[in-house]
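A.B. asks: I am sharing structure.txt, which consists of compact mmCIF, C-alpha atoms:
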```
# COMPACT_ATOMS: atom_id res chain seq x y z
CA MET I 1 0.00 0.00 0.00
CA PRO I 2 1.47 3.41 -0.92
CA ASP I 3 2.57 5.49 2.05
CA GLN I 4 0.14 8.33 1.32
CA PRO I 5 -3.07 9.63 2.90
CA LEU I 6 -6.23 7.64 2.26
CA GLU I 7 -8.60 9.16 -0.25
CA ARG I 8 -11.95 9.75 1.34
CA LEU I 9 -15.41 11.23 1.15
CA THR I 10 -16.03 13.81 3.89
CA ILE I 11 -19.35 15.17 5.15
CA GLU I 12 -18.90 18.32 7.21
CA PRO I 13 -21.28 19.59 9.90
CA LYS I 14 -23.02 22.98 9.58
CA GLN I 15 -20.63 24.51 12.09
CA ALA I 16 -16.91 23.89 12.63
CA ALA I 17 -16.34 20.21 13.42
CA ARG I 18 -15.82 19.30 17.08
CA ALA I 19 -16.09 15.52 16.72
CA CYS I 20 -15.45 12.94 14.02
CA VAL I 21 -16.69 9.53 12.94
CA ILE I 22 -14.39 7.58 10.61
CA TRP I 23 -16.43 4.81 8.94
CA LEU I 24 -14.65 2.03 7.02
CA HIS I 25 -16.47 0.19 4.23
CA GLY I 26 -16.48 -3.49 3.34
CA LEU I 27 -14.79 -5.50 0.59
CA GLY I 28 -15.46 -4.24 -2.93
CA ASP I 29 -17.25 -1.11 -1.74
CA SER I 30 -16.07 2.50 -1.41
CA GLY I 31 -16.46 5.30 1.06
CA ALA I 32 -19.54 6.41 -0.86
CA GLY I 33 -21.29 3.17 0.10
CA PHE I 34 -22.12 4.25 3.65
CA ALA I 35 -22.23 8.04 3.22
CA PRO I 36 -26.05 8.02 2.66
CA VAL I 37 -26.63 6.71 6.21
CA VAL I 38 -25.58 9.99 7.85
CA PRO I 39 -29.01 11.67 7.83
CA LEU I 40 -30.65 8.37 8.84
CA LEU I 41 -28.68 8.35 12.10
CA ASN I 42 -30.66 11.39 13.31
CA MET I 43 -27.78 12.77 15.32
CA PRO I 44 -28.13 16.28 16.79
CA ASP I 45 -26.61 19.01 14.63
CA ALA I 46 -25.25 20.57 17.84
CA LEU I 47 -22.68 17.77 18.12
CA ASP I 48 -20.90 19.20 15.05
CA VAL I 49 -19.74 15.79 13.81
CA ARG I 50 -17.55 15.39 10.75
CA PHE I 51 -18.08 12.06 8.98
CA ILE I 52 -15.17 10.62 7.02
CA PHE I 53 -15.62 7.65 4.69
CA PRO I 54 -12.18 6.51 3.47
CA HIS I 55 -11.69 4.50 0.29
CA ALA I 56 -9.70 1.27 0.61
CA PRO I 57 -6.88 0.75 -1.90
CA ASN I 58 -7.34 -1.61 -4.83
CA LEU I 59 -5.81 -5.03 -4.10
CA PRO I 60 -5.92 -8.49 -5.66
CA VAL I 61 -8.17 -10.68 -3.50
CA THR I 62 -7.28 -14.38 -3.38
CA ILE I 63 -10.77 -15.57 -2.45
CA ASN I 64 -12.11 -13.79 -5.55
CA GLN I 65 -9.67 -15.47 -7.97
CA GLY I 66 -7.17 -12.65 -7.54
CA PHE I 67 -9.55 -10.04 -8.93
CA VAL I 68 -8.44 -6.50 -8.07
CA MET I 69 -10.98 -4.57 -5.99
CA PRO I 70 -11.18 -2.13 -3.08
CA ALA I 71 -9.96 -4.08 -0.05
CA TRP I 72 -8.36 -3.28 3.27
CA TYR I 73 -6.44 -6.57 3.06
CA ASP I 74 -6.34 -9.79 1.05
CA ILE I 75 -8.74 -12.55 2.07
CA LYS I 76 -6.95 -15.85 1.67
CA GLY I 77 -9.78 -18.30 2.34
CA MET I 78 -13.03 -19.04 4.14
CA ASP I 79 -11.41 -20.20 7.40
CA ILE I 80 -11.91 -17.38 9.91
CA GLU I 81 -8.73 -18.34 11.75
CA ASN I 82 -6.56 -17.66 8.70
CA ARG I 83 -8.79 -15.45 6.58
CA ALA I 84 -7.02 -12.11 6.92
CA ASP I 85 -3.63 -11.40 5.36
CA MET I 86 -1.94 -9.79 8.34
CA VAL I 87 0.64 -7.90 6.27
CA GLY I 88 -2.24 -6.14 4.53
CA VAL I 89 -4.11 -5.63 7.81
CA GLN I 90 -1.09 -3.90 9.32
CA ALA I 91 -0.57 -1.75 6.23
CA SER I 92 -4.18 -0.57 6.38
CA GLU I 93 -3.89 -0.05 10.13
CA LYS I 94 -1.03 2.35 9.50
CA ALA I 95 -3.05 4.33 6.95
CA ILE I 96 -6.15 4.43 9.17
CA ALA I 97 -4.14 5.48 12.22
CA ALA I 98 -2.61 8.27 10.11
CA LEU I 99 -6.13 9.44 9.27
CA ILE I 100 -6.99 9.58 12.99
CA ASP I 101 -3.74 11.45 13.64
CA GLU I 102 -4.67 13.90 10.89
CA GLN I 103 -7.98 14.70 12.59
CA ILE I 104 -6.24 15.20 15.93
CA ASN I 105 -3.80 17.59 14.25
CA LEU I 106 -6.80 19.48 12.85
CA GLY I 107 -8.00 20.10 16.41
CA ILE I 108 -10.39 17.23 17.16
CA PRO I 109 -9.24 15.39 20.30
CA ALA I 110 -8.97 11.60 20.20
CA ASN I 111 -11.76 11.29 22.78
CA LYS I 112 -14.13 12.90 20.26
CA ILE I 113 -13.24 10.47 17.47
CA ILE I 114 -15.10 7.21 16.81
CA LEU I 115 -13.66 4.53 14.56
CA ALA I 116 -16.39 2.49 12.87
CA GLY I 117 -16.55 -0.16 10.18
CA PHE I 118 -18.64 -2.76 8.39
CA SER I 119 -17.41 -6.25 7.43
CA GLN I 120 -13.75 -5.86 6.36
CA GLY I 121 -13.99 -2.30 7.65
CA GLY I 122 -15.23 -3.63 11.00
CA VAL I 123 -12.27 -5.99 11.17
CA MET I 124 -10.03 -2.96 10.67
CA SER I 125 -11.88 -0.78 13.19
CA LEU I 126 -11.35 -3.42 15.89
CA PHE I 127 -7.72 -4.12 15.00
CA THR I 128 -6.75 -0.46 14.65
CA GLY I 129 -8.86 0.90 17.50
CA LEU I 130 -7.72 -1.65 20.08
CA ARG I 131 -4.07 -0.89 19.25
CA TYR I 132 -4.32 2.90 18.77
CA PRO I 133 -2.18 4.75 21.36
CA HIS I 134 -4.68 7.48 22.30
CA ALA I 135 -8.08 6.95 23.93
CA LEU I 136 -10.89 7.14 21.37
CA ALA I 137 -14.54 8.01 22.03
CA GLY I 138 -15.64 4.60 20.77
CA ILE I 139 -15.04 1.70 18.41
CA MET I 140 -17.88 0.26 16.32
CA ALA I 141 -17.64 -3.05 14.46
CA LEU I 142 -20.53 -4.30 12.31
CA SER I 143 -20.87 -7.78 10.77
CA CYS I 144 -17.23 -8.73 11.20
CA TYR I 145 -14.67 -10.90 13.01
CA LEU I 146 -11.28 -10.54 14.65
CA ALA I 147 -8.40 -10.32 12.17
CA THR I 148 -6.38 -12.52 14.51
CA GLY I 149 -9.02 -15.26 14.72
CA ASN I 150 -9.44 -16.84 18.15
CA LYS I 151 -7.15 -14.41 19.98
CA LEU I 152 -6.91 -10.67 20.46
CA PRO I 153 -4.30 -8.70 18.51
CA GLU I 154 -0.86 -8.23 20.02
CA ASP I 155 0.34 -4.86 21.33
CA LEU I 156 -3.06 -3.79 22.62
CA SER I 157 -3.25 -0.17 23.75
CA GLU I 158 -3.81 0.54 27.43
CA ALA I 159 -5.26 3.88 26.32
CA ASN I 160 -8.24 2.11 24.75
CA LYS I 161 -8.74 -0.54 27.43
CA ASN I 162 -11.81 1.36 28.70
CA THR I 163 -13.07 2.64 25.35
CA PRO I 164 -16.73 1.66 24.72
CA LEU I 165 -17.24 -0.79 21.86
CA LEU I 166 -20.37 -1.57 19.85
CA GLN I 167 -20.65 -4.88 17.95
CA HIS I 168 -23.59 -5.80 15.69
CA HIS I 169 -24.20 -8.88 13.54
CA GLY I 170 -26.93 -10.31 11.35
CA GLU I 171 -28.39 -13.61 12.48
CA GLN I 172 -28.62 -14.79 8.85
CA ASP I 173 -25.26 -13.39 7.73
CA GLU I 174 -24.26 -15.32 4.60
CA VAL I 175 -20.79 -13.76 4.31
CA VAL I 176 -19.37 -13.60 7.84
CA PRO I 177 -20.82 -16.41 9.98
CA PHE I 178 -22.81 -15.21 12.97
CA ALA I 179 -20.75 -17.53 15.17
CA ALA I 180 -17.53 -15.75 14.12
CA GLY I 181 -18.88 -12.36 15.12
CA LEU I 182 -20.22 -13.68 18.41
CA ALA I 183 -16.95 -15.43 19.21
CA GLY I 184 -15.08 -12.16 18.67
CA TYR I 185 -17.47 -10.32 20.96
CA GLU I 186 -17.19 -12.97 23.69
CA LEU I 187 -13.39 -12.87 23.56
CA ILE I 188 -13.33 -9.07 23.74
CA LYS I 189 -15.85 -9.08 26.61
CA ALA I 190 -13.94 -11.75 28.52
CA SER I 191 -10.77 -9.68 28.16
CA GLY I 192 -12.32 -6.88 30.19
CA TYR I 193 -13.49 -4.48 27.49
CA SER I 194 -16.78 -2.59 27.75
CA THR I 195 -18.55 -3.83 24.64
CA LEU I 196 -22.22 -4.01 23.66
CA TRP I 197 -23.54 -6.77 21.38
CA HIS I 198 -26.76 -6.76 19.40
CA SER I 199 -27.95 -9.13 16.70
CA TYR I 200 -30.58 -8.42 14.06
CA ARG I 201 -32.77 -10.56 11.84
CA MET I 202 -30.82 -9.80 8.67
CA GLY I 203 -28.06 -11.03 6.40
CA HIS I 204 -24.81 -9.21 5.65
CA SER I 205 -26.33 -5.75 5.64
CA VAL I 206 -27.70 -2.95 7.80
CA LEU I 207 -31.32 -2.22 8.73
CA PRO I 208 -33.17 1.06 9.44
CA GLU I 209 -33.82 -0.17 13.00
CA GLN I 210 -30.11 -0.82 13.39
CA LEU I 211 -29.17 2.63 12.08
CA LYS I 212 -31.36 4.18 14.78
CA ASP I 213 -29.54 2.15 17.43
CA ILE I 214 -26.19 3.19 15.94
CA GLY I 215 -27.21 6.84 15.86
CA ASP I 216 -28.24 6.69 19.52
CA TRP I 217 -24.94 5.08 20.49
CA LEU I 218 -22.85 7.56 18.49
CA THR I 219 -24.79 10.46 20.01
CA GLN I 220 -24.19 9.14 23.53
CA ARG I 221 -20.49 8.66 22.90
CA LEU I 222 -19.97 12.14 21.41
CA SER I 223 -22.23 14.17 23.71
```
Output the file's structure as structure tokens, nothing else.
C.D. replies:
Amino acid sequence: MPDQPLERLTIEPKQAARACVIWLHGLGDSGAGFAPVVPLLNMPDALDVRFIFPHAPNLPVTINQGFVMPAWYDIKGMDIENRADMVGVQASEKAIAALIDEQINLGIPANKIILAGFSQGGVMSLFTGLRYPHALAGIMALSCYLATGNKLPEDLSEANKNTPLLQHHGEQDEVVPFAAGLAGYELIKASGYSTLWHSYRMGHSVLPEQLKDIGDWLTQRLS
């Protein structure tokens, strides 16, 4: 991955931004994929939240016959334990952490920044957020799994040991098995993190009901 800032789609608040949500998309998507959810979250304008939707780089993806597509890392196979190419995960982590650093340098404190993601993006939000050296306002991971399989990542950050997490998963998820998401949640919970889990009657997607719950959680974290 080139050592340059991630391209992104940015939605600015009406006033100067005082908080930020960085939302990472899934495999084959782009930052534009989740941008339309912002008004559906019904968050108060007074929070002055900047939404950033980065675009993943284009990579060949083994599980898709090597086809080049937007991806945060290569997916090597269906086995959750060895699905994520960790070299790619760490390269994306570096780029995502640089994006958080950029927002801090622009005047938004880390404790007013939430790192969120769906599917591959959720994998990256967990991996990056749990290792990031400054305390974030929250980490949100939707329809995903742990990049490191049945164990937490190494070099976890003490700064984010008490950061609230939100984990959602579809009960009929046909892409990331429900059991994989639940196992990740249970491991994180057992390791002492403050994480909330909610499942929905859906596949690998998001629902209007779920977006309301997400909006409420984001509002609470950034108020």
A.B. asks: Contacts of I:Phe127 at 9 Å or less, counting only C-alpha atoms, minus same-chain residues fewer than 6 places along, as a ChimeraX atom specification?
C.D. replies: /I:89-90,93,146-148,152-153,156
A.B. asks: Kindly give the distance, in Å, that separates atom CA of I:Val49 and atom CA of I:Ser205, rounded to a single decimal.
C.D. replies: 24.0 Å
A.B. asks: Which residues are close to I:Met86, i.e. within 10 Å by only C-alpha atoms, leaving aside same-chain residues fewer than 5 positions away? Reply as number ranges by chain.
C.D. replies: I: 73-75, 91-92, 147-148
A.B. asks: For I:Arg83, which residue out of I:Val61, I:Met202, I:Leu166, I:Ile100 is the nearest one, using only C-alpha atoms?
C.D. replies: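 Checking each of I:Val61, I:Met202, I:Leu166, I:Ile100 against I:Arg83, counting only C-alpha atoms, the winner is I:Val61.
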A.B. asks: Name the closest residue to I:Ala97 among the candidates I:Leu9, I:Leu207, I:Leu40, I:Ile22; distances are taken between atoms, counting all atoms listed in the file.
C.D. replies: I:Ile22
A.B. asks: What is the distance between atom CA of I:Pro57 and atom CA of I:Lys94, in Å to one decimal?
C.D. replies: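 Interatomic distance, atom CA of I:Pro57 to atom CA of I:Lys94: 12.9 Å.
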A.B. asks: Suppose you want the space between atom CA of I:Lys212 and atom CA of I:Val37; what is it in Å?
C.D. replies: 10.1 Å
A.B. asks: Residues of stretch 136-184 of chain I within 12 Å of stretch 213-221 of chain I: nearest atom pair and distance (Å, one decimal) for each, counting all atoms listed in the file, sorted by chain and number, as a Markdown table?
C.D. replies:
```
| residue | atom | partner | partner_atom | distance |
| --- | --- | --- | --- | --- |
| I:Leu136 | CA | I:Arg221 | CA | 9.8 |
| I:Ala137 | CA | I:Arg221 | CA | 6.0 |
| I:Gly138 | CA | I:Arg221 | CA | 6.7 |
| I:Ile139 | CA | I:Leu218 | CA | 9.8 |
| I:Met140 | CA | I:Ile214 | CA | 8.8 |
| I:Ala141 | CA | I:Ile214 | CA | 10.7 |
| I:Leu142 | CA | I:Ile214 | CA | 10.1 |
| I:Thr163 | CA | I:Arg221 | CA | 9.9 |
| I:Pro164 | CA | I:Arg221 | CA | 8.2 |
| I:Leu165 | CA | I:Trp217 | CA | 9.8 |
| I:Leu166 | CA | I:Trp217 | CA | 8.1 |
| I:Gln167 | CA | I:Ile214 | CA | 10.0 |
| I:His168 | CA | I:Ile214 | CA | 9.4 |
```
A.B. asks: Looking at only C-alpha atoms, which of I:Pro54, I:Gly121, I:Pro109, I:Pro70 is the one that sits closest to I:Pro5?
C.D. replies: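 Answer, going by the shortest atom-to-atom distance: I:Pro54.
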A.B. asks: Skipping near chain neighbours, those fewer than 2 positions away, what residues fall within 12 Å of I:Ser191 using all atoms listed in the file, listed as an mmCIF file with C-alpha atoms, keeping the file's coordinate frame?
C.D. replies:
```cif
data_model
loop_
_atom_site.group_PDB
_atom_site.id
_atom_site.type_symbol
_atom_site.label_atom_id
_atom_site.label_comp_id
_atom_site.auth_asym_id
_atom_site.auth_seq_id
_atom_site.Cartn_x
_atom_site.Cartn_y
_atom_site.Cartn_z
ATOM 1 C CA LEU I 130 -7.720 -1.650 20.080
ATOM 2 C CA LYS I 151 -7.150 -14.410 19.980
ATOM 3 C CA LEU I 152 -6.910 -10.670 20.460
ATOM 4 C CA PRO I 153 -4.300 -8.700 18.510
ATOM 5 C CA LEU I 156 -3.060 -3.790 22.620
ATOM 6 C CA LYS I 161 -8.740 -0.540 27.430
ATOM 7 C CA ASN I 162 -11.810 1.360 28.700
ATOM 8 C CA GLY I 184 -15.080 -12.160 18.670
ATOM 9 C CA TYR I 185 -17.470 -10.320 20.960
ATOM 10 C CA GLU I 186 -17.190 -12.970 23.690
ATOM 11 C CA LEU I 187 -13.390 -12.870 23.560
ATOM 12 C CA ILE I 188 -13.330 -9.070 23.740
ATOM 13 C CA LYS I 189 -15.850 -9.080 26.610
ATOM 14 C CA TYR I 193 -13.490 -4.480 27.490
ATOM 15 C CA SER I 194 -16.780 -2.590 27.750
ATOM 16 C CA THR I 195 -18.550 -3.830 24.640
#
```
A.B. asks: For each of I:Asp101, I:Asp29, I:Glu7, I:Glu209, take the minimum atom-to-atom distance to I:Met69, counting only C-alpha atoms, then give the residue where this is smallest.
C.D. replies: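 Among I:Asp101, I:Asp29, I:Glu7, I:Glu209, it is I:Asp29 that comes nearest to I:Met69.
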A.B. asks: Between I:Ser119, I:Ser30, I:Asn105, I:Asn42, single out the one closest to I:Val176, counting all atoms listed in the file.
C.D. replies: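 The closest residue to I:Val176 is I:Ser119.
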A.B. asks: Calculated over only C-alpha atoms, which of the candidates I:Pro44, I:Leu99, I:Gly88, I:Glu81 has the smallest distance to I:Leu6?
C.D. replies: I:Leu99
A.B. asks: Just the residues within 8 Å of I:Asn160, please, counting all atoms listed in the file, with nothing from its chain fewer than 3 positions along; format it as a VMD selection string.
C.D. replies: chain I and resid 129 to 136 157 163
A.B. asks: Would you tabulate, counting all atoms listed in the file, all residues of stretch 28-96 of chain I that have an atom at most 10 Å from an atom of stretch 111-116 of chain I, showing the closest pair of atoms and their distance in Å to one decimal, sorted by chain then ascending number, as JSON lines?
C.D. replies:
```
{"residue": "I:Val49", "atom": "CA", "partner": "I:Lys112", "partner_atom": "CA", "distance": 9.0}
{"residue": "I:Arg50", "atom": "CA", "partner": "I:Ile113", "partner_atom": "CA", "distance": 9.4}
{"residue": "I:Phe51", "atom": "CA", "partner": "I:Ile114", "partner_atom": "CA", "distance": 9.7}
{"residue": "I:Ile52", "atom": "CA", "partner": "I:Leu115", "partner_atom": "CA", "distance": 9.8}
{"residue": "I:Phe53", "atom": "CA", "partner": "I:Ala116", "partner_atom": "CA", "distance": 9.7}
{"residue": "I:Ile96", "atom": "CA", "partner": "I:Leu115", "partner_atom": "CA", "distance": 9.2}
```
